[in-house]
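**Student:** So that we are looking at the same thing, I have put the structure below in structure tokens.
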Amino acid sequence: MRLSPHRLRTPRALLGALLTVLATAAALLTAGPPARADTLICDQYGTTVIQGRYVVQNNRWGTAATQCVTATDTGFRVTQADGSVPTNGAPKSYPSVFNGCHYTTCSPGTNLPAQVSGVSSAPSSISYGYVGDAVYNASYDIWLDPTPRTDGVNRTEIMIWFNRVGPVQPIGSQTGTATVGGRSWEVWTGSNGANDVISFVAPSAIAEWSFDVMDFVDQAVARGLAQPSWYLTSVQAGFEPWQNGAGLAVNSFSSTVNTGGTDPGDPGDPDPAASCRVAYDTNVWQGGYTANVTLHNTGSAPVDGWRLGFALPSGQRITGAWNATLSGDSGAVVASPVAHNARIAPGTSQSFGFQGTYSGTFAEPAAFTLNGTACTVA
């Protein structure tokens, strides 16, 4: 601060100015880190990671018109939704946020796919924001398949319609009603030509709800649309718009899948025997890089069929990989082993690598998870 000669001759004014500066500094110190900037996605199938564990996807598949979503700290909102499609056909898109694997993209650290018989509970919570000047449904999707696939279309899709606005209806026809999770639902069943669909339609709009995904999975099993030996591959929350849609929002989303050996009362606790360390070594040049990733098992039990989750920083894209299969080439990535490195014995490690491109300033992934357990980074 520059003080005028007049202020220099006024001790009381100088003291007041000093106290003001100190108060401002104290406020900045106690304010905490700045909020993460929202991320705008306009690419047709663009994605980004939120909360370090979920993927937000634009997923504009049924129209050439522009659609943009803005990912927030806890969910997303549709910021632009041009165009419309006939209401007696498929919607124009499915902007959503998901846990699990969807069309080769897996959320960081997910333990999906998980065999249905091994899932003890799958608590989830959702809060929606609705608009009145659009035709759409607010849909929560649950995907099931006979195999633990991480790409393509699953055999059965469970849809939970939290709200519908306009002259739209689920695939197939209404085949009954059911009480699931303490609520009443219309039940619709049919096929879209690629997979079976069972839809649970709320008789009136539900803005927010916490429930167990497995209550709906059990319904699909009971109706012969899935088996306990099948796999839960992903859960998603978003919207299917037919007309307009700007302003629709998932205000918040959470999803946990508790499998055998996990205490359902504390779903965040990983297996105490699991422990890992990751070394991420790079060779970087202008616009490109290679990364060699070494995964160390520092626990007391072997790790079979490992899945290493991480998020590539913005602007990076993978162009090739070795000694692993990667779920995607940007954003959220999950690396899975090939035949010769699927087991990591205690005290040993396995390595894989990839080559990629980047724009802007190069950065390394901030965190890694092994089968849902956070690893230290060496």
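Just so we're on the same page: first chain in the structure tokens is A, next is B, and so on; residues restart at 1 for each chain, and ligands are numbered from 1 in the order they show up.
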Excluding Ile158 in chain A and residues on its chain fewer than 3 positions from it, collect all residues at most 8 Å away from it, counting only C-alpha atoms, and give them as a ChimeraX atom specification.
**Tutor:** /A:141-143,197-200,216-217,220
**Student:** Quick one: DSSP strand (DSSP E) residues in range 104-351 of chain A, as number ranges by chain?
**Tutor:** A: 105-106, 114-115, 119-121, 123-129, 135-145, 156-165, 173-180, 183-191, 196-201, 208-212, 231-243, 249-255, 258-259, 276-285, 288-297, 303-304, 308-311, 317-322, 325-326, 332-336, 343-344, 349-351
**Student:** Taking only C-alpha atoms into account, name the residue in A:Asp38, A:Asp133, A:Asp73, A:Glu186 that is nearest to Gln51 in chain A.
**Tutor:**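 Closest residue, counting only C-alpha atoms: A:Asp73.
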**Student:** Write out as a list in words which residues come within 6 Å of range 80-83 of chain A when counting only C-alpha atoms, dropping same-chain ones fewer than 2 positions away.
**Tutor:**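 Close residues of range 80-83 of chain A: Ala65, Thr66, Gln67, Cys68, Val78, Asn244, Gly245 and Ala246 of chain A.
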**Student:** Which residues are near Asn195 in chain A? Cut-off 10 Å, only C-alpha atoms, ignore same chain within fewer than 2 positions. Put them as a ChimeraX atom specification.
**Tutor:** /A:145,153-157,190-193,197
**Student:** Counting only C-alpha atoms, which residue out of A:Ser330, A:Trp209, A:Arg77, A:Leu144 sits closest to Tyr45 in chain A?
**Tutor:**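 Answer, going by the shortest atom-to-atom distance: A:Ser330.
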**Student:** Which residues come within 9 Å of Ser252 in chain A, counting only C-alpha atoms, excluding same-chain residues fewer than 2 positions away, as a list in words?
**Tutor:**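 Residues near the query, excluding close chain neighbours: Asp73, Thr74, Gly75, Phe76, Ser125, Ile126, Ser127, Tyr128, Ala249, Val250 and Ser254 of chain A.
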**Student:** Looking at A:Trp230, A:Phe368, A:Phe98, A:Phe162, which one is nearest to Leu295 in chain A, with distances taken over only C-alpha atoms?
**Tutor:**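 Ranking A:Trp230, A:Phe368, A:Phe98, A:Phe162 by distance to Leu295 in chain A, first place goes to A:Phe368.
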**Student:** Considering only C-alpha atoms, return as an mmCIF file with N, CA and C atoms, in the first residue's frame whatever protein or nucleic-acid residues lie within 10 Å of Thr104 in chain A, sequence-local ones (same chain, fewer than 6 positions apart) excluded.
**Tutor:**
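Saved the output as result-v4.cif:
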data_model
loop_
_atom_site.group_PDB
_atom_site.id
_atom_site.type_symbol
_atom_site.label_atom_id
_atom_site.label_comp_id
_atom_site.auth_asym_id
_atom_site.auth_seq_id
_atom_site.Cartn_x
_atom_site.Cartn_y
_atom_site.Cartn_z
ATOM 1 N N ARG A 149 -19.051 -56.744 -18.911
ATOM 2 C CA ARG A 149 -18.560 -55.949 -20.024
ATOM 3 C C ARG A 149 -18.425 -54.482 -19.654
ATOM 4 N N THR A 150 -17.452 -53.836 -20.251
ATOM 5 C CA THR A 150 -17.221 -52.417 -20.016
ATOM 6 C C THR A 150 -17.336 -51.619 -21.309
ATOM 7 N N ASP A 151 -17.996 -52.211 -22.313
ATOM 8 C CA ASP A 151 -18.188 -51.507 -23.569
ATOM 9 C C ASP A 151 -19.510 -51.939 -24.190
ATOM 10 N N GLY A 152 -20.071 -51.072 -25.014
ATOM 11 C CA GLY A 152 -21.249 -51.437 -25.781
ATOM 12 C C GLY A 152 -22.535 -51.492 -24.975
ATOM 13 N N LEU A 326 -7.292 -50.024 -21.790
ATOM 14 C CA LEU A 326 -7.792 -48.786 -21.205
ATOM 15 C C LEU A 326 -9.241 -48.556 -21.623
ATOM 16 N N SER A 327 -10.057 -48.065 -20.681
ATOM 17 C CA SER A 327 -11.489 -47.906 -20.922
ATOM 18 C C SER A 327 -11.816 -46.716 -21.796
ATOM 19 N N GLY A 328 -10.939 -45.765 -21.918
ATOM 20 C CA GLY A 328 -11.200 -44.583 -22.720
ATOM 21 C C GLY A 328 -9.901 -43.893 -23.051
ATOM 22 N N ASP A 329 -9.972 -42.809 -23.851
ATOM 23 C CA ASP A 329 -8.745 -42.122 -24.247
ATOM 24 C C ASP A 329 -8.646 -40.714 -23.689
ATOM 25 N N VAL A 333 -10.407 -42.642 -16.916
ATOM 26 C CA VAL A 333 -9.798 -43.815 -17.544
ATOM 27 C C VAL A 333 -9.676 -44.913 -16.497
ATOM 28 N N VAL A 334 -9.950 -46.149 -16.896
ATOM 29 C CA VAL A 334 -9.695 -47.312 -16.057
ATOM 30 C C VAL A 334 -8.808 -48.266 -16.841
#
**Student:** So which residues touch Thr63 in chain A within 12 Å, counting only C-alpha atoms, skipping near sequence neighbours fewer than 3 positions away, as a list in words?
**Tutor:** Gln44, Asn59, Arg60, Thr66, Gln67, Ala81, Asp82, Gly83, Ser84, Val85, Pro86, Ala90, Pro91, Lys92, Ser93, Tyr94, Pro241, Trp242, Gln243 and Asn244 of chain A
